[in-house]
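So this block is final.cif, mmCIF, C-alpha atoms:
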data_start
#
loop_
_atom_site.label_atom_id
_atom_site.label_comp_id
_atom_site.auth_asym_id
_atom_site.auth_seq_id
_atom_site.Cartn_x
_atom_site.Cartn_y
_atom_site.Cartn_z
CA MET A 1 -47.69 -116.59 -109.00
CA ASN A 2 -45.91 -114.53 -106.34
CA LYS A 3 -46.27 -117.28 -103.73
CA MET A 4 -44.33 -119.63 -105.94
CA SER A 5 -41.54 -117.10 -106.52
CA GLY A 6 -41.03 -116.74 -102.78
CA LYS A 7 -40.90 -112.97 -103.01
CA ARG A 8 -42.70 -111.11 -100.24
CA ILE A 9 -44.50 -107.91 -101.22
CA TYR A 10 -44.68 -105.62 -98.22
CA LEU A 11 -47.14 -102.97 -97.17
CA SER A 12 -44.40 -100.35 -96.87
CA SER A 13 -40.86 -101.42 -96.07
CA PRO A 14 -37.64 -99.37 -95.78
CA THR A 15 -35.81 -98.47 -98.98
CA MET A 16 -32.11 -97.75 -98.51
CA HIS A 17 -29.90 -96.02 -101.07
CA GLY A 18 -26.28 -95.94 -99.88
CA GLU A 19 -25.82 -92.45 -98.51
CA GLU A 20 -27.23 -93.72 -95.21
CA GLN A 21 -24.20 -96.00 -94.78
CA GLU A 22 -21.82 -93.13 -95.44
CA PHE A 23 -23.29 -91.03 -92.63
CA VAL A 24 -23.37 -94.04 -90.29
CA LYS A 25 -19.76 -94.90 -91.17
CA GLU A 26 -18.78 -91.33 -90.33
CA ALA A 27 -20.40 -91.75 -86.92
CA PHE A 28 -18.38 -94.92 -86.31
CA ASP A 29 -15.15 -93.49 -87.69
CA THR A 30 -15.40 -90.48 -85.36
CA ASN A 31 -16.74 -92.56 -82.44
CA TRP A 32 -19.93 -90.47 -82.30
CA VAL A 33 -22.27 -93.36 -81.48
CA ALA A 34 -23.93 -91.75 -78.45
CA PRO A 35 -27.29 -89.91 -78.46
CA LEU A 36 -25.41 -86.76 -79.44
CA GLY A 37 -23.21 -85.72 -82.33
CA PRO A 38 -22.96 -84.08 -85.73
CA ASN A 39 -25.52 -86.33 -87.45
CA VAL A 40 -28.18 -85.41 -84.88
CA ASN A 41 -27.45 -81.70 -85.20
CA ASN A 42 -27.38 -81.82 -88.99
CA PHE A 43 -30.47 -84.00 -89.31
CA GLU A 44 -32.39 -81.48 -87.23
CA LYS A 45 -31.10 -78.62 -89.36
CA GLU A 46 -31.68 -80.35 -92.69
CA LEU A 47 -35.20 -81.53 -91.91
CA ALA A 48 -36.17 -78.12 -90.53
CA GLU A 49 -34.86 -76.49 -93.71
CA TYR A 50 -36.76 -78.99 -95.88
CA VAL A 51 -40.15 -78.29 -94.28
CA GLY A 52 -39.44 -74.59 -93.85
CA ILE A 53 -39.52 -74.22 -90.07
CA PRO A 54 -36.75 -72.76 -87.92
CA HIS A 55 -36.34 -75.32 -85.14
CA ALA A 56 -36.35 -79.11 -84.69
CA ALA A 57 -35.47 -81.68 -82.03
CA ALA A 58 -34.56 -85.24 -83.06
CA LEU A 59 -36.10 -87.86 -80.79
CA SER A 60 -36.36 -91.61 -80.34
CA ALA A 61 -39.90 -91.89 -81.79
CA GLY A 62 -42.85 -89.91 -83.06
CA THR A 63 -44.68 -91.03 -79.92
CA ALA A 64 -41.95 -89.42 -77.81
CA ALA A 65 -42.42 -86.21 -79.80
CA ILE A 66 -46.17 -86.17 -79.08
CA HIS A 67 -45.54 -86.88 -75.41
CA LEU A 68 -43.04 -84.02 -75.12
CA ALA A 69 -45.39 -81.69 -77.00
CA LEU A 70 -48.07 -82.32 -74.38
CA ARG A 71 -45.59 -81.91 -71.52
CA ILE A 72 -44.32 -78.62 -72.95
CA LEU A 73 -47.89 -77.35 -73.24
CA GLY A 74 -48.44 -78.12 -69.58
CA ILE A 75 -51.15 -80.70 -70.18
CA GLY A 76 -51.91 -82.75 -67.10
CA GLN A 77 -54.50 -84.13 -64.69
CA GLY A 78 -58.03 -83.13 -65.65
CA ASP A 79 -57.14 -81.39 -68.91
CA VAL A 80 -59.17 -82.23 -72.02
CA VAL A 81 -57.47 -82.82 -75.37
CA PHE A 82 -59.42 -83.15 -78.62
CA VAL A 83 -57.97 -85.83 -80.91
CA PRO A 84 -59.23 -87.77 -83.95
CA SER A 85 -60.71 -91.18 -83.38
CA LEU A 86 -59.45 -92.53 -86.71
CA THR A 87 -55.73 -92.73 -86.02
CA PHE A 88 -53.05 -95.00 -84.59
CA SER A 89 -53.02 -95.29 -80.80
CA ALA A 90 -49.66 -93.53 -80.54
CA THR A 91 -51.49 -90.25 -81.21
CA CYS A 92 -53.64 -90.73 -78.10
CA ASN A 93 -51.55 -92.72 -75.62
CA PRO A 94 -49.41 -89.73 -74.51
CA ILE A 95 -52.58 -87.88 -73.47
CA VAL A 96 -53.23 -90.65 -70.97
CA TYR A 97 -49.54 -90.76 -69.97
CA GLU A 98 -50.11 -87.26 -68.59
CA ASN A 99 -53.39 -88.21 -66.87
CA ALA A 100 -55.32 -85.93 -69.20
CA THR A 101 -58.62 -86.81 -70.87
CA PRO A 102 -58.86 -87.53 -74.61
CA VAL A 103 -62.12 -86.61 -76.31
CA PHE A 104 -62.31 -88.36 -79.68
CA ILE A 105 -63.51 -86.46 -82.73
CA ASP A 106 -65.09 -88.18 -85.74
CA SER A 107 -63.75 -87.99 -89.31
CA GLU A 108 -65.20 -86.34 -92.37
CA LYS A 109 -65.52 -88.16 -95.69
CA ASP A 110 -63.54 -85.70 -97.84
CA THR A 111 -60.11 -86.47 -96.34
CA TRP A 112 -60.87 -89.06 -93.60
CA ASN A 113 -59.38 -86.59 -91.10
CA MET A 114 -60.81 -84.69 -88.11
CA ASP A 115 -64.24 -83.31 -88.99
CA PRO A 116 -64.32 -79.53 -88.39
CA ILE A 117 -68.09 -79.72 -87.78
CA ALA A 118 -67.64 -82.38 -85.09
CA LEU A 119 -64.70 -80.41 -83.66
CA GLU A 120 -66.88 -77.32 -83.35
CA ARG A 121 -69.60 -79.44 -81.78
CA ALA A 122 -67.14 -80.73 -79.16
CA PHE A 123 -66.70 -77.22 -77.74
CA GLU A 124 -70.39 -77.18 -76.79
CA LYS A 125 -69.76 -79.75 -74.06
CA TYR A 126 -66.04 -79.20 -73.49
CA PRO A 127 -65.52 -75.43 -73.87
CA ASN A 128 -61.97 -75.30 -72.50
CA PRO A 129 -59.77 -78.03 -73.99
CA LYS A 130 -56.05 -77.61 -73.43
CA ALA A 131 -55.12 -78.62 -77.00
CA VAL A 132 -56.36 -79.98 -80.31
CA VAL A 133 -54.22 -82.70 -81.90
CA VAL A 134 -54.87 -83.04 -85.63
CA VAL A 135 -53.63 -86.01 -87.68
CA HIS A 136 -52.91 -86.12 -91.42
CA LEU A 137 -54.07 -89.68 -91.99
CA TYR A 138 -52.21 -91.90 -94.47
CA GLY A 139 -50.40 -88.77 -95.71
CA THR A 140 -53.53 -86.79 -96.63
CA SER A 141 -53.65 -83.30 -95.15
CA ALA A 142 -56.59 -82.38 -92.93
CA LYS A 143 -58.87 -79.40 -93.55
CA LEU A 144 -56.40 -77.11 -91.83
CA ASN A 145 -58.02 -73.79 -92.70
CA GLU A 146 -61.25 -74.73 -90.96
CA ILE A 147 -59.53 -76.44 -88.02
CA MET A 148 -57.09 -73.57 -87.46
CA GLU A 149 -59.92 -71.03 -87.56
CA ILE A 150 -61.85 -72.99 -84.93
CA CYS A 151 -58.75 -73.28 -82.72
CA ALA A 152 -58.00 -69.56 -83.05
CA ARG A 153 -61.58 -68.57 -82.24
CA HIS A 154 -61.60 -70.76 -79.14
CA GLN A 155 -58.02 -69.80 -78.23
CA VAL A 156 -56.80 -73.38 -78.05
CA THR A 157 -53.38 -74.66 -79.12
CA LEU A 158 -53.05 -76.84 -82.23
CA VAL A 159 -50.58 -79.73 -82.35
CA GLU A 160 -50.01 -81.54 -85.65
CA ASP A 161 -49.39 -85.27 -85.76
CA ALA A 162 -47.73 -85.41 -89.18
CA ALA A 163 -46.21 -88.83 -88.50
CA GLU A 164 -47.64 -90.20 -91.75
CA SER A 165 -47.48 -87.03 -93.86
CA LEU A 166 -43.86 -85.89 -94.09
CA GLY A 167 -43.54 -84.25 -97.50
CA SER A 168 -47.27 -83.54 -97.83
CA THR A 169 -48.30 -79.93 -98.32
CA TYR A 170 -51.47 -77.94 -97.71
CA LYS A 171 -51.88 -74.81 -99.81
CA GLY A 172 -48.16 -74.86 -100.54
CA LYS A 173 -46.96 -75.26 -96.96
CA PHE A 174 -45.70 -78.51 -95.41
CA THR A 175 -47.87 -80.35 -92.93
CA GLY A 176 -46.38 -80.28 -89.47
CA THR A 177 -45.62 -76.56 -89.71
CA PHE A 178 -49.10 -75.11 -89.15
CA GLY A 179 -49.55 -75.84 -85.44
CA LYS A 180 -47.64 -74.53 -82.47
CA ILE A 181 -45.84 -77.89 -82.45
CA GLY A 182 -45.53 -80.49 -85.22
CA ILE A 183 -44.27 -84.05 -85.06
CA TYR A 184 -42.89 -86.51 -87.62
CA SER A 185 -42.16 -90.23 -87.42
CA PHE A 186 -39.33 -92.17 -89.04
CA ASN A 187 -40.60 -95.63 -88.11
CA GLY A 188 -39.57 -98.43 -90.45
CA ASN A 189 -42.72 -98.22 -92.59
CA LYS A 190 -42.80 -94.43 -93.04
CA ILE A 191 -41.96 -92.54 -96.25
CA ILE A 192 -38.40 -92.13 -94.95
CA THR A 193 -37.05 -94.08 -92.00
CA THR A 194 -34.32 -94.09 -89.39
CA SER A 195 -35.45 -97.61 -88.36
CA GLY A 196 -37.12 -95.88 -85.42
CA GLY A 197 -37.18 -92.21 -84.54
CA GLY A 198 -39.12 -88.98 -84.63
CA MET A 199 -38.81 -85.22 -84.81
CA LEU A 200 -40.52 -82.38 -82.97
CA VAL A 201 -40.62 -79.08 -84.88
CA SER A 202 -41.74 -75.57 -83.99
CA SER A 203 -41.32 -71.98 -85.07
CA GLU A 204 -40.51 -71.19 -81.42
CA GLU A 205 -36.94 -71.99 -80.37
CA GLU A 206 -37.88 -72.23 -76.69
CA ILE A 207 -40.15 -75.16 -77.49
CA THR A 208 -37.49 -77.28 -79.20
CA LYS A 209 -34.91 -76.34 -76.56
CA LYS A 210 -37.35 -77.50 -73.89
CA ALA A 211 -37.98 -80.71 -75.84
CA THR A 212 -34.25 -81.43 -76.05
CA PHE A 213 -33.84 -80.72 -72.33
CA LEU A 214 -36.68 -83.08 -71.35
CA ALA A 215 -35.47 -85.72 -73.83
CA THR A 216 -32.05 -85.86 -72.16
CA GLN A 217 -33.36 -86.67 -68.67
CA ALA A 218 -34.00 -83.00 -67.80
CA ARG A 219 -30.49 -82.57 -66.46
CA ASP A 220 -29.94 -79.11 -64.99
CA GLN A 221 -26.99 -76.92 -65.94
CA ALA A 222 -24.69 -77.97 -63.13
CA ARG A 223 -21.32 -79.69 -62.83
CA TYR A 224 -22.93 -82.56 -60.94
CA TYR A 225 -26.05 -84.48 -61.96
CA GLN A 226 -28.98 -82.41 -60.76
CA HIS A 227 -32.61 -82.72 -61.82
CA SER A 228 -35.35 -80.26 -60.90
CA GLN A 229 -38.05 -82.01 -62.92
CA ILE A 230 -38.81 -85.40 -64.44
CA GLY A 231 -37.16 -86.05 -67.79
CA TYR A 232 -37.00 -88.85 -70.35
CA ASN A 233 -34.48 -90.81 -72.38
CA TYR A 234 -36.01 -89.69 -75.69
CA ARG A 235 -33.03 -88.37 -77.67
CA MET A 236 -32.18 -89.77 -81.10
CA SER A 237 -28.77 -91.40 -81.41
CA ASN A 238 -26.09 -90.11 -83.75
CA VAL A 239 -26.06 -93.43 -85.64
CA VAL A 240 -29.81 -93.40 -86.25
CA ALA A 241 -29.66 -89.75 -87.30
CA GLY A 242 -27.11 -90.72 -89.93
CA VAL A 243 -29.66 -93.04 -91.50
CA GLY A 244 -32.17 -90.20 -91.46
CA ARG A 245 -29.81 -87.79 -93.19
CA GLY A 246 -29.27 -90.26 -96.02
CA GLN A 247 -33.00 -90.95 -96.31
CA LEU A 248 -33.92 -87.26 -96.38
CA LEU A 249 -31.93 -86.88 -99.59
CA HIS A 250 -34.49 -89.19 -101.23
CA LEU A 251 -37.74 -87.91 -99.71
CA ASP A 252 -38.94 -86.23 -102.91
CA GLU A 253 -38.14 -89.39 -104.88
CA HIS A 254 -40.05 -91.56 -102.39
CA LYS A 255 -43.04 -89.22 -102.53
CA LYS A 256 -43.09 -89.38 -106.32
CA LEU A 257 -43.06 -93.18 -106.23
CA LYS A 258 -45.83 -93.31 -103.58
CA LYS A 259 -47.99 -91.01 -105.71
CA ALA A 260 -47.37 -93.25 -108.73
CA ILE A 261 -48.56 -96.28 -106.75
CA TYR A 262 -51.76 -94.46 -105.80
CA ALA A 263 -52.31 -93.47 -109.45
CA GLN A 264 -51.78 -97.08 -110.63
CA TYR A 265 -54.36 -98.37 -108.18
CA LYS A 266 -56.83 -95.66 -109.10
CA GLU A 267 -56.50 -96.50 -112.79
CA GLY A 268 -56.55 -100.25 -112.13
CA PHE A 269 -59.86 -100.04 -110.24
CA GLY A 270 -61.38 -97.28 -112.35
CA ASP A 271 -64.07 -99.50 -113.84
CA ILE A 272 -65.10 -101.10 -110.51
CA SER A 273 -67.75 -98.86 -109.01
CA GLU A 274 -67.70 -100.81 -105.75
CA ILE A 275 -64.14 -99.63 -105.00
CA THR A 276 -63.27 -96.10 -103.87
CA MET A 277 -59.71 -94.94 -103.27
CA ASN A 278 -58.86 -93.07 -100.07
CA PRO A 279 -59.45 -89.37 -100.76
CA LEU A 280 -56.70 -86.83 -101.31
CA ASN A 281 -57.03 -83.21 -100.27
CA PRO A 282 -57.58 -81.00 -103.36
CA ASP A 283 -56.02 -78.11 -101.40
CA GLY A 284 -52.81 -80.04 -100.87
CA ASP A 285 -50.15 -82.22 -102.44
CA ASP A 286 -50.30 -85.43 -100.40
CA ASN A 287 -47.46 -87.91 -100.08
CA CYS A 288 -49.77 -90.94 -100.59
CA TRP A 289 -47.91 -92.85 -97.87
CA LEU A 290 -50.41 -95.71 -98.02
CA SER A 291 -52.90 -96.38 -100.78
CA CYS A 292 -56.23 -97.49 -99.31
CA ILE A 293 -59.64 -98.46 -100.60
CA THR A 294 -63.15 -98.68 -99.25
CA ILE A 295 -65.64 -101.21 -100.59
CA GLN A 296 -69.29 -100.45 -101.25
CA GLU A 297 -71.49 -101.90 -98.54
CA GLY A 298 -73.60 -104.86 -99.58
CA CYS A 299 -71.66 -105.63 -102.76
CA GLY A 300 -70.75 -109.11 -101.58
CA VAL A 301 -67.03 -108.46 -101.08
CA MET A 302 -65.53 -107.74 -97.67
CA PRO A 303 -62.10 -106.27 -96.82
CA ASP A 304 -61.04 -109.53 -95.13
CA GLN A 305 -61.61 -111.43 -98.38
CA ILE A 306 -59.23 -109.13 -100.24
CA MET A 307 -56.62 -109.25 -97.47
CA ASP A 308 -56.82 -113.04 -97.40
CA ALA A 309 -56.47 -113.25 -101.19
CA LEU A 310 -53.38 -111.02 -101.07
CA ASP A 311 -51.91 -112.94 -98.15
CA ALA A 312 -52.33 -116.19 -100.06
CA GLU A 313 -49.93 -114.73 -102.64
CA ASN A 314 -47.43 -113.54 -100.00
CA MET A 315 -48.57 -109.91 -100.17
CA GLU A 316 -48.95 -107.77 -97.08
CA SER A 317 -52.00 -105.59 -96.54
CA ARG A 318 -53.77 -104.44 -93.41
CA PRO A 319 -57.05 -103.06 -92.09
CA ILE A 320 -57.73 -99.37 -91.72
CA TRP A 321 -56.87 -98.13 -88.22
CA LYS A 322 -59.54 -99.25 -85.79
CA PRO A 323 -61.02 -96.02 -84.39
CA MET A 324 -59.93 -95.13 -80.89
CA HIS A 325 -63.48 -94.77 -79.57
CA LEU A 326 -63.95 -98.49 -80.35
CA GLN A 327 -60.79 -99.56 -78.51
CA PRO A 328 -61.37 -101.29 -75.15
CA VAL A 329 -58.61 -99.24 -73.51
CA PHE A 330 -60.38 -95.98 -74.41
CA GLU A 331 -64.01 -97.01 -73.89
CA GLU A 332 -64.50 -94.66 -70.94
CA TYR A 333 -63.82 -91.54 -73.00
CA ASP A 334 -66.27 -89.46 -75.00
CA PHE A 335 -66.65 -89.48 -78.77
CA VAL A 336 -68.10 -86.64 -80.81
CA THR A 337 -69.68 -86.73 -84.27
CA ALA A 338 -71.31 -83.92 -86.23
CA GLU A 339 -74.62 -85.13 -84.75
CA GLY A 340 -73.76 -85.46 -81.07
CA PHE A 341 -71.90 -87.09 -78.18
CA LYS A 342 -71.47 -90.72 -77.21
CA SER A 343 -71.81 -89.72 -73.55
CA ASP A 344 -75.35 -88.44 -74.19
CA LEU A 345 -76.58 -91.82 -75.41
CA PRO A 346 -77.81 -94.77 -73.35
CA ALA A 347 -75.03 -97.21 -72.51
CA ASP A 348 -76.42 -99.87 -74.85
CA SER A 349 -76.77 -97.51 -77.83
CA LYS A 350 -74.47 -97.74 -80.83
CA MET A 351 -73.34 -94.51 -82.44
CA LYS A 352 -72.97 -94.29 -86.22
CA SER A 353 -69.83 -92.54 -87.37
CA VAL A 354 -67.78 -91.83 -90.47
CA SER A 355 -64.64 -93.25 -88.85
CA GLU A 356 -66.31 -96.57 -88.03
CA ASP A 357 -67.74 -96.82 -91.53
CA ILE A 358 -64.28 -96.30 -93.06
CA PHE A 359 -62.84 -98.93 -90.72
CA ASN A 360 -65.59 -101.44 -91.56
CA ARG A 361 -65.31 -101.04 -95.32
CA GLY A 362 -61.63 -100.24 -95.84
CA LEU A 363 -58.16 -101.72 -96.14
CA CYS A 364 -54.61 -100.58 -96.90
CA LEU A 365 -53.04 -102.05 -100.03
CA PRO A 366 -49.35 -102.90 -100.58
CA SER A 367 -47.70 -99.49 -101.03
CA ASP A 368 -44.00 -100.33 -101.09
CA ILE A 369 -41.99 -98.09 -103.42
CA LYS A 370 -39.91 -101.09 -104.48
CA ASN A 371 -42.97 -102.64 -106.14
CA THR A 372 -42.28 -103.34 -109.81
CA LYS A 373 -44.75 -102.82 -112.65
CA GLU A 374 -45.34 -106.56 -112.57
CA ASP A 375 -45.94 -106.51 -108.81
CA MET A 376 -48.55 -103.79 -109.18
CA GLU A 377 -50.27 -105.61 -112.02
CA GLN A 378 -50.43 -108.76 -109.93
CA ILE A 379 -51.82 -106.96 -106.86
CA ILE A 380 -54.44 -105.18 -108.94
CA GLY A 381 -55.34 -108.44 -110.66
CA ILE A 382 -55.92 -110.22 -107.34
CA VAL A 383 -58.21 -107.44 -106.11
CA ARG A 384 -60.09 -107.34 -109.40
CA ARG A 385 -60.70 -111.11 -109.27
CA CYS A 386 -62.34 -110.68 -105.86
CA PHE A 387 -64.96 -108.63 -107.74
CA GLY A 388 -65.22 -111.13 -110.60
CA ARG A 389 -63.26 -108.91 -113.04
#
How does the structure come out when it is put into structure tokens?
Amino acid sequence: MNKMSGKRIYLSSPTMHGEEQEFVKEAFDTNWVAPLGPNVNNFEKELAEYVGIPHAAALSAGTAAIHLALRILGIGQGDVVFVPSLTFSATCNPIVYENATPVFIDSEKDTWNMDPIALERAFEKYPNPKAVVVVHLYGTSAKLNEIMEICARHQVTLVEDAAESLGSTYKGKFTGTFGKIGIYSFNGNKIITTSGGGMLVSSEEEITKKATFLATQARDQARYYQHSQIGYNYRMSNVVAGVGRGQLLHLDEHKKLKKAIYAQYKEGFGDISEITMNPLNPDGDDNCWLSCITIQEGCGVMPDQIMDALDAENMESRPIWKPMHLQPVFEEYDFVTAEGFKSDLPADSKMKSVSEDIFNRGLCLPSDIKNTKEDMEQIIGIVRRCFGR
């Protein structure tokens, strides 16, 4: 068994190819190791060209990109921002950084992303949000047509958190390029990595220029160090950008391998009615960053049992993101489903939601592109045994 071999099977670990070292070596050879340099400029240009958008700013993290997006949009004290509940906390934390108010929107079952019906419902109580932040969860594109139409009708700005969906498309166009601002993450577990880093993209040059200005401590154009507003140390380094340039060359290859993993799981569990794979958007081509399953309620198998069985064989898995409206740090904020508002219920009432149901019944399976055929067979076999197959 895998435990005996000593090999660890990861959820989603970095996969290096060699070109990364060449770009990094060039940075060392030319002494461009600061948060500036040719790799940064070229990584911005090459990623922007890949996704088909004119402008990009390379940053230290996807979280930094979200934070700067909110700053650039002027979001601050008292402003309301609509954001999915089913996401990683990095999507929501920057809203609170700026003393704004997140209002969490439930998911829909078709893609697990922001429910357009719940989003529309949110405007009944909060008619003037400053922005809507949509997330493409686990690489699956949201229902962008419906969400964009709602945003346009209510004249509210759309920001795309495409941290998990680089390479995914919706109706032939890359996620991250639909909103006024899009963000990507290159964290170590993403489809391509720079070890840590992010990118802010926009069709408006002034936005990325502003992002770069704020990311380099908002230093004014003066011979001396002068600052007229608060800035941040959010710029990507030239060394890290070199890793990103090498990784970008293999993005299509990584996506193909991720999709193959999803297909293997789907086939491997095809005869187990109690297992459902995370949905893909039929209007898109998703990158399948993580392959996830939900388990039929009451079937006698729980997600923890599967995770424990995998862990016993040295295989990494993890729960679905715990929804933000269930997080202690966000308990004071409102949550909206297609049926209504958390704030309208008595304090001791529990609200049913799609996002909580997915969290309760789901888990993320090992989705590392270095998995061999034998690895996949073993993972699938462990899960099947949990169901007596």
How close does each residue of range 165-232 of chain A get to range 12-30 of chain A, giving the shortest atom pair and distance in Å to one decimal for every residue with an atom at most 12 Å away, counting only C-alpha atoms, sorted by chain and residue number, as CSV?
residue,atom,partner,partner_atom,distance
A:Phe186,CA,A:Pro14,CA,10.0
A:Asn187,CA,A:Pro14,CA,9.0
A:Gly188,CA,A:Pro14,CA,5.7
A:Asn189,CA,A:Ser12,CA,5.1
A:Lys190,CA,A:Ser12,CA,7.2
A:Ile191,CA,A:Pro14,CA,8.1
A:Ile192,CA,A:Pro14,CA,7.3
A:Thr193,CA,A:Pro14,CA,6.5
A:Thr194,CA,A:Pro14,CA,8.9
A:Ser195,CA,A:Pro14,CA,7.9
A:Gly196,CA,A:Pro14,CA,10.9
Carefully work through the PyMOL selection byres ((chain A and resi 381) around 12) for this structure and note down the residues it includes, as a PyMOL selection string. chain A and resi 1+264-265+268-269+306+309-310+313+374-380+382-389
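Each of A:Pro116, A:Gly362, A:Gly37, A:Pro282 was checked against Leu144 in chain A using all atoms listed in the file; the smallest atom-to-atom distance is that of A:Pro116.
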With only C-alpha atoms as the counted atoms, please give the residues lying no more than 8 Å from Leu214 in chain A, apart from itself and same-chain residues fewer than 6 positions off, as number ranges by chain. A: 68, 230-232, 234
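Atom to atom, CA of Lys45 in chain A and CA of Gly244 in chain A stand 11.8 Å apart.
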Around the point (-38.7, -88.0, -99.5) in the file's coordinates, collect all residues with an atom within 9 Å, using all atoms listed in the file, and return them as a PyMOL selection string. chain A and resi 166-167+191-192+247-256+287
Leaving out Val51 in chain A and any residue of its chain fewer than 6 positions from it, which residues lie within 10 Å of it when counting all atoms listed in the file, given as number ranges by chain? A: 166-169, 173-177, 201
Could you pull the residues within 10 Å of Ala56 in chain A, counting only C-alpha atoms, minus those fewer than 3 positions along the same chain, as a list in words? Asn41, Phe43, Glu44, Lys45, Glu46, Leu47, Ala48, Glu49, Ile53, Leu59, Ile181, Gly182, Ile183, Met199, Leu200, Val201, Ser202, Ser203, Glu204, Glu205, Ile207, Thr208, Lys209, Ala211 and Thr212 of chain A
Completed range 357-371 of chain A (N, CA, C and O atoms) as a PDB file, keeping the file's coordinate frame:
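Dumped to rebuild28.pdb:
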ATOM      1  N   ASP A 357     -67.379 -96.372 -90.190  1.00  0.00           N
ATOM      2  CA  ASP A 357     -67.740 -96.820 -91.530  1.00  0.00           C
ATOM      3  C   ASP A 357     -66.502 -97.054 -92.391  1.00  0.00           C
ATOM      4  O   ASP A 357     -66.409 -98.058 -93.110  1.00  0.00           O
ATOM      5  N   ILE A 358     -65.530 -96.138 -92.310  1.00  0.00           N
ATOM      6  CA  ILE A 358     -64.280 -96.300 -93.060  1.00  0.00           C
ATOM      7  C   ILE A 358     -63.548 -97.550 -92.594  1.00  0.00           C
ATOM      8  O   ILE A 358     -63.045 -98.341 -93.405  1.00  0.00           O
ATOM      9  N   PHE A 359     -63.495 -97.747 -91.280  1.00  0.00           N
ATOM     10  CA  PHE A 359     -62.840 -98.930 -90.720  1.00  0.00           C
ATOM     11  C   PHE A 359     -63.524-100.214 -91.202  1.00  0.00           C
ATOM     12  O   PHE A 359     -62.860-101.179 -91.596  1.00  0.00           O
ATOM     13  N   ASN A 360     -64.844-100.228 -91.189  1.00  0.00           N
ATOM     14  CA  ASN A 360     -65.590-101.440 -91.560  1.00  0.00           C
ATOM     15  C   ASN A 360     -65.425-101.793 -93.031  1.00  0.00           C
ATOM     16  O   ASN A 360     -65.446-102.974 -93.394  1.00  0.00           O
ATOM     17  N   ARG A 361     -65.291-100.796 -93.879  1.00  0.00           N
ATOM     18  CA  ARG A 361     -65.310-101.040 -95.320  1.00  0.00           C
ATOM     19  C   ARG A 361     -63.935-100.890 -95.990  1.00  0.00           C
ATOM     20  O   ARG A 361     -63.827-101.079 -97.195  1.00  0.00           O
ATOM     21  N   GLY A 362     -62.893-100.587 -95.215  1.00  0.00           N
ATOM     22  CA  GLY A 362     -61.630-100.240 -95.840  1.00  0.00           C
ATOM     23  C   GLY A 362     -60.479-101.186 -95.568  1.00  0.00           C
ATOM     24  O   GLY A 362     -60.528-102.023 -94.662  1.00  0.00           O
ATOM     25  N   LEU A 363     -59.428-101.036 -96.370  1.00  0.00           N
ATOM     26  CA  LEU A 363     -58.160-101.720 -96.140  1.00  0.00           C
ATOM     27  C   LEU A 363     -57.031-100.955 -96.818  1.00  0.00           C
ATOM     28  O   LEU A 363     -57.270-100.154 -97.742  1.00  0.00           O
ATOM     29  N   CYS A 364     -55.809-101.199 -96.332  1.00  0.00           N
ATOM     30  CA  CYS A 364     -54.610-100.580 -96.900  1.00  0.00           C
ATOM     31  C   CYS A 364     -53.932-101.597 -97.816  1.00  0.00           C
ATOM     32  O   CYS A 364     -53.667-102.740 -97.416  1.00  0.00           O
ATOM     33  N   LEU A 365     -53.645-101.177 -99.031  1.00  0.00           N
ATOM     34  CA  LEU A 365     -53.040-102.050-100.030  1.00  0.00           C
ATOM     35  C   LEU A 365     -51.512-101.963 -99.987  1.00  0.00           C
ATOM     36  O   LEU A 365     -50.954-100.981 -99.472  1.00  0.00           O
ATOM     37  N   PRO A 366     -50.810-102.966-100.530  1.00  0.00           N
ATOM     38  CA  PRO A 366     -49.350-102.900-100.580  1.00  0.00           C
ATOM     39  C   PRO A 366     -48.899-101.602-101.262  1.00  0.00           C
ATOM     40  O   PRO A 366     -49.293-101.328-102.392  1.00  0.00           O
ATOM     41  N   SER A 367     -48.089-100.826-100.554  1.00  0.00           N
ATOM     42  CA  SER A 367     -47.700 -99.490-101.030  1.00  0.00           C
ATOM     43  C   SER A 367     -46.189 -99.306-100.966  1.00  0.00           C
ATOM     44  O   SER A 367     -45.689 -98.202-100.729  1.00  0.00           O
ATOM     45  N   ASP A 368     -45.462-100.378-101.174  1.00  0.00           N
ATOM     46  CA  ASP A 368     -44.000-100.330-101.090  1.00  0.00           C
ATOM     47  C   ASP A 368     -43.425 -99.739-102.373  1.00  0.00           C
ATOM     48  O   ASP A 368     -43.783-100.169-103.477  1.00  0.00           O
ATOM     49  N   ILE A 369     -42.521 -98.769-102.231  1.00  0.00           N
ATOM     50  CA  ILE A 369     -41.990 -98.090-103.420  1.00  0.00           C
ATOM     51  C   ILE A 369     -41.056 -98.974-104.233  1.00  0.00           C
ATOM     52  O   ILE A 369     -40.680 -98.596-105.351  1.00  0.00           O
ATOM     53  N   LYS A 370     -40.718-100.145-103.705  1.00  0.00           N
ATOM     54  CA  LYS A 370     -39.910-101.090-104.480  1.00  0.00           C
ATOM     55  C   LYS A 370     -40.759-101.989-105.363  1.00  0.00           C
ATOM     56  O   LYS A 370     -40.232-102.832-106.095  1.00  0.00           O
ATOM     57  N   ASN A 371     -42.084-101.842-105.286  1.00  0.00           N
ATOM     58  CA  ASN A 371     -42.970-102.640-106.140  1.00  0.00           C
ATOM     59  C   ASN A 371     -42.643-102.383-107.616  1.00  0.00           C
ATOM     60  O   ASN A 371     -42.539-101.237-108.048  1.00  0.00           O
TER      61      ASN A 371
END
